[in-house]
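K.L.:
File target.cif follows (mmCIF, C-alpha atoms):
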data_input
#
loop_
_atom_site.group_PDB
_atom_site.id
_atom_site.type_symbol
_atom_site.label_atom_id
_atom_site.label_comp_id
_atom_site.auth_asym_id
_atom_site.auth_seq_id
_atom_site.Cartn_x
_atom_site.Cartn_y
_atom_site.Cartn_z
ATOM 1 C CA MET R 1 144.039 69.855 128.361
ATOM 2 C CA ARG R 2 145.113 73.249 127.037
ATOM 3 C CA LYS R 3 144.773 76.287 129.252
ATOM 4 C CA SER R 4 142.890 79.464 128.394
ATOM 5 C CA PRO R 5 144.305 81.618 125.549
ATOM 6 C CA LYS R 6 148.090 81.715 125.856
ATOM 7 C CA LEU R 7 148.700 85.259 124.686
ATOM 8 C CA MET R 8 152.187 86.619 125.242
ATOM 9 C CA SER R 9 151.101 89.028 127.960
ATOM 10 C CA ILE R 10 153.385 90.447 130.638
ATOM 11 C CA SER R 11 151.982 87.945 133.147
ATOM 12 C CA ARG R 12 152.621 85.088 130.724
ATOM 13 C CA MET R 13 156.219 86.276 130.255
ATOM 14 C CA ARG R 14 156.617 86.383 134.046
ATOM 15 C CA ASP R 15 155.547 82.739 134.263
ATOM 16 C CA ILE R 16 158.015 81.735 131.540
ATOM 17 C CA LEU R 17 160.953 83.683 132.958
ATOM 18 C CA GLU R 18 160.435 83.076 136.674
ATOM 19 C CA PRO R 19 162.524 79.862 136.795
ATOM 20 C CA HIS R 20 165.416 81.741 135.169
ATOM 21 C CA LEU R 21 165.300 85.051 137.036
ATOM 22 C CA SER R 22 168.369 84.277 139.148
ATOM 23 C CA GLN R 23 170.420 84.154 135.934
ATOM 24 C CA ILE R 24 168.846 87.131 134.149
ATOM 25 C CA HIS R 25 167.724 89.493 136.924
ATOM 26 C CA GLU R 26 170.485 91.956 135.961
ATOM 27 C CA PHE R 27 168.761 92.509 132.610
ATOM 28 C CA ILE R 28 165.028 92.039 133.195
ATOM 29 C CA TYR R 29 162.473 93.282 135.714
ATOM 30 C CA ILE R 30 158.899 91.991 135.659
ATOM 31 C CA GLY R 31 156.613 93.383 138.339
ATOM 32 C CA GLN R 32 152.853 93.334 138.671
ATOM 33 C CA GLU R 33 152.434 96.667 136.862
ATOM 34 C CA LEU R 34 155.553 97.104 134.766
ATOM 35 C CA ALA R 35 158.248 95.171 132.905
ATOM 36 C CA VAL R 36 161.657 96.540 131.914
ATOM 37 C CA ILE R 37 164.360 94.967 129.751
ATOM 38 C CA HIS R 38 167.803 96.510 130.127
ATOM 39 C CA GLY R 39 170.285 95.639 127.409
ATOM 40 C CA ASP R 40 170.638 91.871 127.282
ATOM 41 C CA PRO R 41 168.084 89.986 125.096
ATOM 42 C CA ARG R 42 168.347 86.681 126.964
ATOM 43 C CA ALA R 43 164.756 87.017 128.152
ATOM 44 C CA PHE R 44 163.575 87.260 124.532
ATOM 45 C CA ARG R 45 165.403 84.065 123.655
ATOM 46 C CA LEU R 46 163.695 82.220 126.507
ATOM 47 C CA VAL R 47 160.286 83.473 125.409
ATOM 48 C CA LEU R 48 161.052 82.441 121.837
ATOM 49 C CA ARG R 49 161.167 78.816 122.996
ATOM 50 C CA GLN R 50 157.383 79.023 123.129
ATOM 51 C CA GLN R 51 155.483 78.564 119.887
ATOM 52 C CA PRO R 52 155.022 81.790 117.903
ATOM 53 C CA PRO R 53 153.207 83.640 116.484
ATOM 54 C CA PHE R 54 152.330 85.568 119.629
ATOM 55 C CA VAL R 55 149.454 87.937 120.275
ATOM 56 C CA ILE R 56 150.295 91.050 122.309
ATOM 57 C CA ASN R 57 147.580 92.565 124.502
ATOM 58 C CA ASP R 58 149.514 95.462 126.022
ATOM 59 C CA HIS R 59 151.774 98.436 125.216
ATOM 60 C CA ARG R 60 155.497 97.845 124.630
ATOM 61 C CA MET R 61 158.086 100.477 123.812
ATOM 62 C CA GLY R 62 161.758 99.931 123.200
ATOM 63 C CA LEU R 63 164.903 100.859 121.350
ATOM 64 C CA ILE R 64 167.737 99.035 119.640
ATOM 65 C CA LEU R 65 171.159 100.209 120.768
ATOM 66 C CA GLN R 66 173.119 97.509 118.926
ATOM 67 C CA GLY R 67 172.429 94.654 116.523
ATOM 68 C CA GLU R 68 169.110 93.798 114.898
ATOM 69 C CA ILE R 69 165.919 91.754 115.152
ATOM 70 C CA ARG R 70 164.152 90.229 112.148
ATOM 71 C CA VAL R 71 160.470 89.773 112.863
ATOM 72 C CA ASN R 72 157.064 89.503 111.216
ATOM 73 C CA VAL R 73 154.723 92.129 112.682
ATOM 74 C CA ASN R 74 151.078 92.250 111.614
ATOM 75 C CA LEU R 75 151.811 90.394 108.336
ATOM 76 C CA VAL R 76 154.842 92.455 107.345
ATOM 77 C CA GLU R 77 158.406 91.160 107.766
ATOM 78 C CA LYS R 78 160.599 93.892 109.241
ATOM 79 C CA VAL R 79 164.127 94.393 110.485
ATOM 80 C CA PHE R 80 164.550 96.367 113.712
ATOM 81 C CA SER R 81 168.110 97.679 113.746
ATOM 82 C CA LYS R 82 170.509 99.919 115.649
ATOM 83 C CA GLY R 83 169.147 103.420 116.198
ATOM 84 C CA MET R 84 165.435 102.539 116.045
ATOM 85 C CA LEU R 85 162.608 103.270 118.447
ATOM 86 C CA LEU R 86 159.914 100.569 118.533
ATOM 87 C CA PHE R 87 156.268 100.432 119.581
ATOM 88 C CA ILE R 88 154.148 97.278 119.707
ATOM 89 C CA GLY R 89 150.529 97.867 120.726
ATOM 90 C CA PRO R 90 147.537 95.787 121.825
ATOM 91 C CA GLY R 91 146.248 93.408 119.184
ATOM 92 C CA THR R 92 149.587 93.000 117.429
ATOM 93 C CA ILE R 93 150.456 89.575 116.046
ATOM 94 C CA ILE R 94 154.208 89.098 116.176
ATOM 95 C CA ASN R 95 156.424 86.268 114.956
ATOM 96 C CA PRO R 96 160.124 86.666 115.890
ATOM 97 C CA ILE R 97 162.451 85.173 113.284
ATOM 98 C CA HIS R 98 166.045 86.001 114.288
ATOM 99 C CA PHE R 99 168.050 87.985 116.855
ATOM 100 C CA SER R 100 171.635 88.966 116.034
ATOM 101 C CA ASP R 101 174.315 87.866 118.506
ATOM 102 C CA ASP R 102 175.271 91.463 119.333
ATOM 103 C CA LEU R 103 171.710 92.621 120.077
ATOM 104 C CA GLN R 104 171.246 95.245 122.798
ATOM 105 C CA VAL R 105 167.650 96.229 123.448
ATOM 106 C CA TYR R 106 166.073 98.470 126.087
ATOM 107 C CA GLY R 107 162.368 98.787 126.670
ATOM 108 C CA ILE R 108 159.270 98.617 128.853
ATOM 109 C CA GLY R 109 156.044 96.642 128.838
ATOM 110 C CA LEU R 110 152.818 98.001 130.303
ATOM 111 C CA PRO R 111 150.032 95.597 131.289
ATOM 112 C CA PRO R 112 146.472 96.725 130.485
ATOM 113 C CA ASP R 113 145.896 97.828 134.088
ATOM 114 C CA PHE R 114 149.004 100.039 134.284
ATOM 115 C CA PRO R 115 148.046 103.409 135.862
ATOM 116 C CA MET R 116 148.493 105.658 132.836
ATOM 117 C CA PRO R 117 149.149 109.329 133.719
ATOM 118 C CA PHE R 118 146.542 110.650 131.272
ATOM 119 C CA ALA R 119 142.969 111.796 131.703
ATOM 120 C CA ALA R 120 140.277 109.846 129.850
ATOM 121 C CA GLY R 121 140.570 110.497 126.125
ATOM 122 C CA GLN R 122 143.941 112.261 126.483
ATOM 123 C CA MET R 123 146.282 109.414 125.520
ATOM 124 C CA PRO R 124 148.959 110.656 123.063
ATOM 125 C CA PRO R 125 147.642 110.009 119.520
ATOM 126 C CA ALA R 126 150.280 107.392 118.660
ATOM 127 C CA PHE R 127 149.010 105.225 121.535
ATOM 128 C CA ASN R 128 145.237 105.752 121.461
ATOM 129 C CA GLY R 129 144.542 102.613 119.433
ATOM 130 C CA GLN R 130 144.641 104.055 115.914
ATOM 131 C CA VAL R 131 148.207 102.761 115.384
ATOM 132 C CA ARG R 132 148.971 99.130 116.155
ATOM 133 C CA ASP R 133 152.748 99.332 115.789
ATOM 134 C CA PHE R 134 155.496 101.608 114.490
ATOM 135 C CA GLN R 135 159.265 101.685 114.154
ATOM 136 C CA LEU R 136 161.290 104.878 113.750
ATOM 137 C CA LYS R 137 164.904 105.472 112.754
ATOM 138 C CA VAL R 138 165.806 108.498 114.876
ATOM 139 C CA LYS R 139 168.660 110.877 115.558
ATOM 140 C CA GLU R 140 171.274 109.894 118.118
ATOM 141 C CA GLU R 141 170.109 112.548 120.590
ATOM 142 C CA ASP R 142 166.502 111.324 120.359
ATOM 143 C CA LEU R 143 167.649 107.735 120.939
ATOM 144 C CA GLN R 144 169.696 108.837 123.953
ATOM 145 C CA THR R 145 166.718 110.695 125.423
ATOM 146 C CA ALA R 146 164.595 107.545 125.209
ATOM 147 C CA GLN R 147 167.356 105.419 126.721
ATOM 148 C CA GLN R 148 167.862 107.858 129.602
ATOM 149 C CA ILE R 149 164.146 107.718 130.451
ATOM 150 C CA ILE R 150 164.182 103.906 130.364
ATOM 151 C CA ASP R 151 167.359 103.882 132.497
ATOM 152 C CA THR R 152 165.621 106.085 135.068
ATOM 153 C CA ILE R 153 162.604 103.757 135.136
ATOM 154 C CA TRP R 154 164.970 100.788 135.553
ATOM 155 C CA HIS R 155 166.675 102.353 138.568
ATOM 156 C CA LEU R 156 163.347 103.446 140.050
ATOM 157 C CA VAL R 157 161.722 100.007 140.017
ATOM 158 C CA HIS R 158 164.697 98.552 141.877
ATOM 159 C CA GLN R 159 164.158 100.887 144.810
ATOM 160 C CA GLN R 160 162.322 99.434 147.784
ATOM 161 C CA ASP R 161 158.674 100.567 147.722
ATOM 162 C CA TYR R 162 159.243 102.732 144.672
ATOM 163 C CA ASN R 163 156.818 105.556 144.009
ATOM 164 C CA ARG R 164 154.151 104.381 141.541
ATOM 165 C CA GLN R 165 153.188 107.919 140.592
ATOM 166 C CA THR R 166 156.788 108.692 139.655
ATOM 167 C CA ALA R 167 156.938 105.548 137.511
ATOM 168 C CA SER R 168 153.664 106.491 135.829
ATOM 169 C CA SER R 169 154.934 110.008 135.105
ATOM 170 C CA LEU R 170 158.167 108.671 133.605
ATOM 171 C CA VAL R 171 156.182 106.308 131.375
ATOM 172 C CA GLY R 172 154.061 109.267 130.258
ATOM 173 C CA THR R 173 157.214 111.240 129.450
ATOM 174 C CA LEU R 174 158.493 108.355 127.314
ATOM 175 C CA MET R 175 155.167 108.088 125.499
ATOM 176 C CA TYR R 176 155.107 111.817 124.736
ATOM 177 C CA HIS R 177 158.679 111.531 123.409
ATOM 178 C CA TYR R 178 157.714 108.657 121.100
ATOM 179 C CA ASP R 179 154.494 110.384 120.057
ATOM 180 C CA GLY R 180 156.284 113.579 119.027
ATOM 181 C CA LEU R 181 158.813 111.658 116.944
ATOM 182 C CA TYR R 182 156.060 109.522 115.390
ATOM 183 C CA ARG R 183 154.111 112.602 114.305
ATOM 184 C CA GLN R 184 157.245 114.143 112.785
ATOM 185 C CA HIS R 185 157.815 110.929 110.881
ATOM 186 C CA THR R 186 154.255 110.682 109.561
ATOM 187 C CA ASP R 187 154.272 114.336 108.493
ATOM 188 C CA GLN R 188 157.458 113.773 106.500
ATOM 189 C CA GLN R 189 156.139 110.512 105.091
ATOM 190 C CA GLN R 190 152.944 112.119 103.838
ATOM 191 C CA ASN R 191 155.009 114.624 101.884
ATOM 192 C CA THR R 192 157.186 111.998 100.205
ATOM 193 C CA GLN R 193 155.196 108.773 100.078
ATOM 194 C CA SER R 194 153.737 107.672 96.757
ATOM 195 C CA ARG R 195 150.001 107.205 96.368
ATOM 196 C CA GLU R 196 150.558 103.495 95.746
ATOM 197 C CA GLN R 197 152.485 103.042 98.994
ATOM 198 C CA SER R 198 149.825 104.979 100.902
ATOM 199 C CA ILE R 199 147.132 102.676 99.499
ATOM 200 C CA PHE R 200 149.169 99.599 100.424
ATOM 201 C CA ASP R 201 149.762 100.821 103.995
ATOM 202 C CA ARG R 202 146.061 101.614 104.427
ATOM 203 C CA PHE R 203 145.094 98.210 103.016
ATOM 204 C CA ILE R 204 147.411 96.351 105.420
ATOM 205 C CA TYR R 205 146.010 98.358 108.333
ATOM 206 C CA LEU R 206 142.455 97.423 107.378
ATOM 207 C CA VAL R 207 143.364 93.769 106.849
ATOM 208 C CA ASN R 208 144.878 93.625 110.331
ATOM 209 C CA GLN R 209 141.683 95.134 111.720
ATOM 210 C CA HIS R 210 139.063 93.111 109.826
ATOM 211 C CA ALA R 211 140.460 89.926 108.229
ATOM 212 C CA VAL R 212 139.024 87.684 110.951
ATOM 213 C CA LYS R 213 135.508 88.541 109.717
ATOM 214 C CA GLU R 214 136.013 89.974 106.220
ATOM 215 C CA HIS R 215 137.697 87.597 103.786
ATOM 216 C CA GLN R 216 137.026 89.245 100.426
ATOM 217 C CA ILE R 217 138.824 92.103 98.677
ATOM 218 C CA GLY R 218 135.510 93.836 97.932
ATOM 219 C CA PHE R 219 135.092 94.811 101.586
ATOM 220 C CA TYR R 220 138.472 96.576 101.631
ATOM 221 C CA ALA R 221 137.923 98.230 98.250
ATOM 222 C CA ASP R 222 134.628 99.656 99.534
ATOM 223 C CA LYS R 223 136.297 100.912 102.709
ATOM 224 C CA MET R 224 138.945 102.681 100.631
ATOM 225 C CA CYS R 225 136.495 103.970 97.991
ATOM 226 C CA LEU R 226 138.383 102.112 95.251
ATOM 227 C CA THR R 227 137.379 99.492 92.711
ATOM 228 C CA GLU R 228 138.418 95.917 93.429
ATOM 229 C CA ARG R 229 140.424 95.811 90.217
ATOM 230 C CA TYR R 230 142.370 98.996 90.971
ATOM 231 C CA LEU R 231 143.067 97.985 94.574
ATOM 232 C CA GLY R 232 144.249 94.542 93.481
ATOM 233 C CA THR R 233 146.560 96.042 90.862
ATOM 234 C CA VAL R 234 148.102 98.529 93.310
ATOM 235 C CA ILE R 235 148.657 95.928 96.034
ATOM 236 C CA ARG R 236 150.396 93.555 93.618
ATOM 237 C CA GLN R 237 152.584 96.337 92.228
ATOM 238 C CA ALA R 238 153.494 97.649 95.682
ATOM 239 C CA SER R 239 154.255 94.302 97.317
ATOM 240 C CA GLY R 240 154.579 91.571 94.708
ATOM 241 C CA THR R 241 151.740 89.749 96.498
ATOM 242 C CA THR R 242 148.043 89.760 95.688
ATOM 243 C CA ALA R 243 145.497 91.404 97.951
ATOM 244 C CA LYS R 244 143.763 88.049 98.520
ATOM 245 C CA GLU R 245 147.054 86.482 99.583
ATOM 246 C CA TRP R 246 147.514 89.232 102.196
ATOM 247 C CA ILE R 247 143.992 88.611 103.516
ATOM 248 C CA ASP R 248 144.602 84.858 103.619
ATOM 249 C CA LEU R 249 147.913 85.363 105.448
ATOM 250 C CA ALA R 250 146.257 87.474 108.150
ATOM 251 C CA LEU R 251 143.411 85.002 108.531
ATOM 252 C CA ILE R 252 145.603 81.892 108.643
ATOM 253 C CA THR R 253 147.928 83.525 111.185
ATOM 254 C CA ARG R 254 145.002 84.238 113.477
ATOM 255 C CA ILE R 255 143.543 80.756 112.999
ATOM 256 C CA LYS R 256 146.886 79.228 113.976
ATOM 257 C CA VAL R 257 146.920 81.272 117.167
ATOM 258 C CA GLU R 258 143.412 80.087 118.042
ATOM 259 C CA LEU R 259 144.211 76.436 117.277
ATOM 260 C CA ARG R 260 147.527 76.424 119.104
ATOM 261 C CA HIS R 261 146.673 78.440 122.165
ATOM 262 C CA THR R 262 142.969 77.911 122.953
ATOM 263 C CA ASP R 263 140.589 75.059 123.677
ATOM 264 C CA LYS R 264 138.018 76.337 121.174
ATOM 265 C CA SER R 265 136.546 73.703 118.904
ATOM 266 C CA VAL R 266 137.009 73.863 115.154
ATOM 267 C CA THR R 267 133.292 74.590 114.878
ATOM 268 C CA GLN R 268 133.566 77.537 117.270
ATOM 269 C CA ILE R 269 136.607 78.995 115.496
ATOM 270 C CA ALA R 270 134.919 78.603 112.107
ATOM 271 C CA GLU R 271 131.841 80.426 113.375
ATOM 272 C CA GLU R 272 133.814 83.246 115.038
ATOM 273 C CA MET R 273 135.817 83.768 111.842
ATOM 274 C CA ASN R 274 132.758 83.987 109.642
ATOM 275 C CA PHE R 275 133.102 80.744 107.676
ATOM 276 C CA PRO R 276 129.830 79.256 106.388
ATOM 277 C CA ASN R 277 130.470 75.882 108.067
ATOM 278 C CA PRO R 278 133.259 73.810 109.695
ATOM 279 C CA SER R 279 133.777 71.737 106.550
ATOM 280 C CA PHE R 280 134.511 74.822 104.429
ATOM 281 C CA PHE R 281 136.790 76.133 107.190
ATOM 282 C CA SER R 282 138.787 72.883 107.328
ATOM 283 C CA LYS R 283 139.166 72.722 103.533
ATOM 284 C CA TYR R 284 140.320 76.361 103.464
ATOM 285 C CA PHE R 285 142.901 75.739 106.195
ATOM 286 C CA LYS R 286 144.233 72.580 104.544
ATOM 287 C CA ARG R 287 144.467 74.264 101.126
ATOM 288 C CA LEU R 288 146.709 76.980 102.559
ATOM 289 C CA THR R 289 148.750 74.944 105.056
ATOM 290 C CA ASN R 290 148.688 71.358 103.748
ATOM 291 C CA MET R 291 147.370 70.297 107.176
ATOM 292 C CA THR R 292 143.944 69.863 108.671
ATOM 293 C CA PRO R 293 143.143 72.026 111.727
ATOM 294 C CA ALA R 294 143.371 68.892 113.887
ATOM 295 C CA GLU R 295 146.801 67.989 112.487
ATOM 296 C CA PHE R 296 148.096 71.502 113.150
ATOM 297 C CA ARG R 297 146.696 71.524 116.707
ATOM 298 C CA GLU R 298 148.348 68.198 117.502
ATOM 299 C CA GLY R 299 151.673 69.121 115.888
#
Let's see the structure in the file written out as structure tokens.

P.N.:
Amino acid sequence: MRKSPKLMSISRMRDILEPHLSQIHEFIYIGQELAVIHGDPRAFRLVLRQQPPFVINDHRMGLILQGEIRVNVNLVEKVFSKGMLLFIGPGTIINPIHFSDDLQVYGIGLPPDFPMPFAAGQMPPAFNGQVRDFQLKVKEEDLQTAQQIIDTIWHLVHQQDYNRQTASSLVGTLMYHYDGLYRQHTDQQQNTQSREQSIFDRFIYLVNQHAVKEHQIGFYADKMCLTERYLGTVIRQASGTTAKEWIDLALITRIKVELRHTDKSVTQIAEEMNFPNPSFFSKYFKRLTNMTPAEFREG
């Protein structure tokens, strides 16, 4: 019998990595309140043995010092490469595709109950839930600043009875650093980005937020105060893919997560995802995947 939802949380990663910690402890720390990866990506490769896509329910910040990662994040295939700062937030659906052999990655993971050093409502804007993920190519000095903060956190958590308040403050410093760079990036992007690209980015954001319940382009056109025809034309021109195909991709990805990692019945999933009945749901899934929900779950 399957266990409860197998999201790729920090606690789930701890369970996966625990048998291997004697071999990788020099590169990974996973405590009750904080996880740190320090250079070597071996831990990622062990996690990848599980069955993606994964759902993230916490905050993760990192940087690429060498090499690259190819990954699908919230429907969009991306390449994270040397010199980039990365943020993956709660609700992200991530499907790792490839890690280069020379990859060096540094970062932290914060479980939902991590003691954030911010008053209620004072979370830096990049982390307050409006942005699900971002990746920034930054200057060398900005990359070094982030790495130095992560290095300090790494050394701190290896001290006996380390000071939790100090760790929380260092995490806050890192988040403010990322937030400032993110706001610089978005300000520059708004000045240079085409209207079509802005519409596409907004559409993808809305699809990630609502595709589980809203399956038709009309909902997104209304949200964006555009006609369905204009929105469909812009999305195809900007991405080479139709708006309906993007919605279907988001929906199928989420259905696969539910089928693979929960004990929910097909009827329950169909109802939660706003299908009129289980039969329609099953036909929709088979049309897009060439498998029935039962065949996918058993595969």

K.L.:
Name the residues that the PyMOL selection byres ((chain R and resi 216) around 10) picks from the file above, as a PyMOL selection string, using the file's chain letters and numbers.

P.N.:
chain R and resi 211+213-215+217-221+228+243-244+247-248

K.L.:
Applying the PyMOL selection byres ((chain R and resi 94) around 8) to the file I just gave you, which residues come out? Please list them as a list of chain:residue names.

P.N.:
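Taken over the shown coordinates, the PyMOL selection byres ((chain R and resi 94) around 8) returns R:Pro52, R:Pro53, R:Phe54, R:Val55, R:Ile56, R:Val71, R:Asn72, R:Val73, R:Asn74, R:Thr92, R:Ile93, R:Asn95, R:Pro96.
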
K.L.:
Could you pull the residues within 7 Å of Lys82 in chain R, counting only C-alpha atoms, minus those fewer than 2 positions along the same chain, as a list of chain:residue names?

P.N.:
R:Ile64, R:Leu65, R:Gln66, R:Gly67, R:Glu68, R:Met84

K.L.:
So that each row is one residue of range 140-168 of chain R with an atom at most 10 Å from range 116-134 of chain R, can you give its shortest atom pair and the distance in Å to one decimal, using only C-alpha atoms, rows by chain and rising number, as a tab-separated table?

P.N.:
residue	atom	partner	partner_atom	distance
R:Gln165	CA	R:Pro117	CA	8.1
R:Thr166	CA	R:Pro117	CA	9.7
R:Ala167	CA	R:Pro117	CA	9.5
R:Ser168	CA	R:Pro117	CA	5.7

K.L.:
Near range 176-184 of chain R, counting only C-alpha atoms, which residues have an atom at most 10 Å away, once you skip same-chain residues fewer than 4 positions from it, shown as a list in words?

P.N.:
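Non-adjacent residues within range: Met61, Gly62, Leu85, Leu86, Phe87, Met123, Pro124, Pro125, Ala126, Phe127, Phe134, Gln135, Leu136, Lys137, Val138, Lys139, Asp142, Leu143, Thr145, Ala146, Ile149, Leu170, Val171, Gly172, Gln188 and Gln189 of chain R.
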
K.L.:
Keeping only C-alpha atoms, write those residues as a PDB file, in the frame of the given file.

P.N.:
ATOM      1  CA  MET R  61     158.086 100.477 123.812  1.00  0.00           C
ATOM      2  CA  GLY R  62     161.758  99.931 123.200  1.00  0.00           C
ATOM      3  CA  LEU R  85     162.608 103.270 118.447  1.00  0.00           C
ATOM      4  CA  LEU R  86     159.914 100.569 118.533  1.00  0.00           C
ATOM      5  CA  PHE R  87     156.268 100.432 119.581  1.00  0.00           C
ATOM      6  CA  MET R 123     146.282 109.414 125.520  1.00  0.00           C
ATOM      7  CA  PRO R 124     148.959 110.656 123.063  1.00  0.00           C
ATOM      8  CA  PRO R 125     147.642 110.009 119.520  1.00  0.00           C
ATOM      9  CA  ALA R 126     150.280 107.392 118.660  1.00  0.00           C
ATOM     10  CA  PHE R 127     149.010 105.225 121.535  1.00  0.00           C
ATOM     11  CA  PHE R 134     155.496 101.608 114.490  1.00  0.00           C
ATOM     12  CA  GLN R 135     159.265 101.685 114.154  1.00  0.00           C
ATOM     13  CA  LEU R 136     161.290 104.878 113.750  1.00  0.00           C
ATOM     14  CA  LYS R 137     164.904 105.472 112.754  1.00  0.00           C
ATOM     15  CA  VAL R 138     165.806 108.498 114.876  1.00  0.00           C
ATOM     16  CA  LYS R 139     168.660 110.877 115.558  1.00  0.00           C
ATOM     17  CA  ASP R 142     166.502 111.324 120.359  1.00  0.00           C
ATOM     18  CA  LEU R 143     167.649 107.735 120.939  1.00  0.00           C
ATOM     19  CA  THR R 145     166.718 110.695 125.423  1.00  0.00           C
ATOM     20  CA  ALA R 146     164.595 107.545 125.209  1.00  0.00           C
ATOM     21  CA  ILE R 149     164.146 107.718 130.451  1.00  0.00           C
ATOM     22  CA  LEU R 170     158.167 108.671 133.605  1.00  0.00           C
ATOM     23  CA  VAL R 171     156.182 106.308 131.375  1.00  0.00           C
ATOM     24  CA  GLY R 172     154.061 109.267 130.258  1.00  0.00           C
ATOM     25  CA  GLN R 188     157.458 113.773 106.500  1.00  0.00           C
ATOM     26  CA  GLN R 189     156.139 110.512 105.091  1.00  0.00           C
TER      27      GLN R 189
END

K.L.:
Need to verify the contact set: Gln51 in chain R, 12 Å, all atoms listed in the file, exclusion of same-chain residues closer than 3 positions in sequence. Can you return it as JSON, numbers by chain?

P.N.:
{"R": [6, 7, 8, 45, 46, 47, 48, 54, 55, 94, 95, 96, 97, 256, 257, 259, 260, 261, 297, 299]}

K.L.:
Report, in Å to a single decimal, how far apart CA of Gln50 in chain R and CA of Glu26 in chain R are.

P.N.:
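Interatomic distance here is 22.4 Å.
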
K.L.:
The PyMOL selection byres ((chain R and resi 31) around 9) - which residues does that actually catch in the file I just gave you? List them as a PyMOL selection string.

P.N.:
chain R and resi 10-11+14+29-30+32-36+157

K.L.:
Those same residues, written as a PDB file, in the frame of the given file with C-alpha atoms?

P.N.:
ATOM      1  CA  ILE R  10     153.385  90.447 130.638  1.00  0.00           C
ATOM      2  CA  SER R  11     151.982  87.945 133.147  1.00  0.00           C
ATOM      3  CA  ARG R  14     156.617  86.383 134.046  1.00  0.00           C
ATOM      4  CA  TYR R  29     162.473  93.282 135.714  1.00  0.00           C
ATOM      5  CA  ILE R  30     158.899  91.991 135.659  1.00  0.00           C
ATOM      6  CA  GLN R  32     152.853  93.334 138.671  1.00  0.00           C
ATOM      7  CA  GLU R  33     152.434  96.667 136.862  1.00  0.00           C
ATOM      8  CA  LEU R  34     155.553  97.104 134.766  1.00  0.00           C
ATOM      9  CA  ALA R  35     158.248  95.171 132.905  1.00  0.00           C
ATOM     10  CA  VAL R  36     161.657  96.540 131.914  1.00  0.00           C
ATOM     11  CA  VAL R 157     161.722 100.007 140.017  1.00  0.00           C
TER      12      VAL R 157
END

K.L.:
Extract, using all atoms listed in the file, all DNA, RNA and protein residues at most 9 Å from range 273-288 of chain R, discarding same-chain residues fewer than 3 positions from it, and format them as a short mmCIF file (atom, residue, chain, number, x, y, z; two decimals) with C-alpha atoms, keeping the file's coordinate frame.

P.N.:
data_model
loop_
_atom_site.label_atom_id
_atom_site.label_comp_id
_atom_site.auth_asym_id
_atom_site.auth_seq_id
_atom_site.Cartn_x
_atom_site.Cartn_y
_atom_site.Cartn_z
CA ALA R 211 140.46 89.93 108.23
CA VAL R 212 139.02 87.68 110.95
CA LYS R 213 135.51 88.54 109.72
CA GLU R 214 136.01 89.97 106.22
CA HIS R 215 137.70 87.60 103.79
CA ASP R 248 144.60 84.86 103.62
CA LEU R 249 147.91 85.36 105.45
CA LEU R 251 143.41 85.00 108.53
CA ILE R 252 145.60 81.89 108.64
CA ILE R 255 143.54 80.76 113.00
CA VAL R 266 137.01 73.86 115.15
CA THR R 267 133.29 74.59 114.88
CA GLN R 268 133.57 77.54 117.27
CA ILE R 269 136.61 79.00 115.50
CA ALA R 270 134.92 78.60 112.11
CA MET R 291 147.37 70.30 107.18
CA THR R 292 143.94 69.86 108.67
CA PRO R 293 143.14 72.03 111.73
CA ALA R 294 143.37 68.89 113.89
#

K.L.:
Using Å and a single decimal, report how far CA of Thr186 in chain R sits from CA of Tyr106 in chain R.

P.N.:
23.7 Å

K.L.:
Work out how far CA of Gly107 in chain R is from CA of Ile150 in chain R, in Å to one decimal.

P.N.:
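For CA of Ile150 in chain R relative to CA of Gly107 in chain R, the distance reads 6.6 Å.
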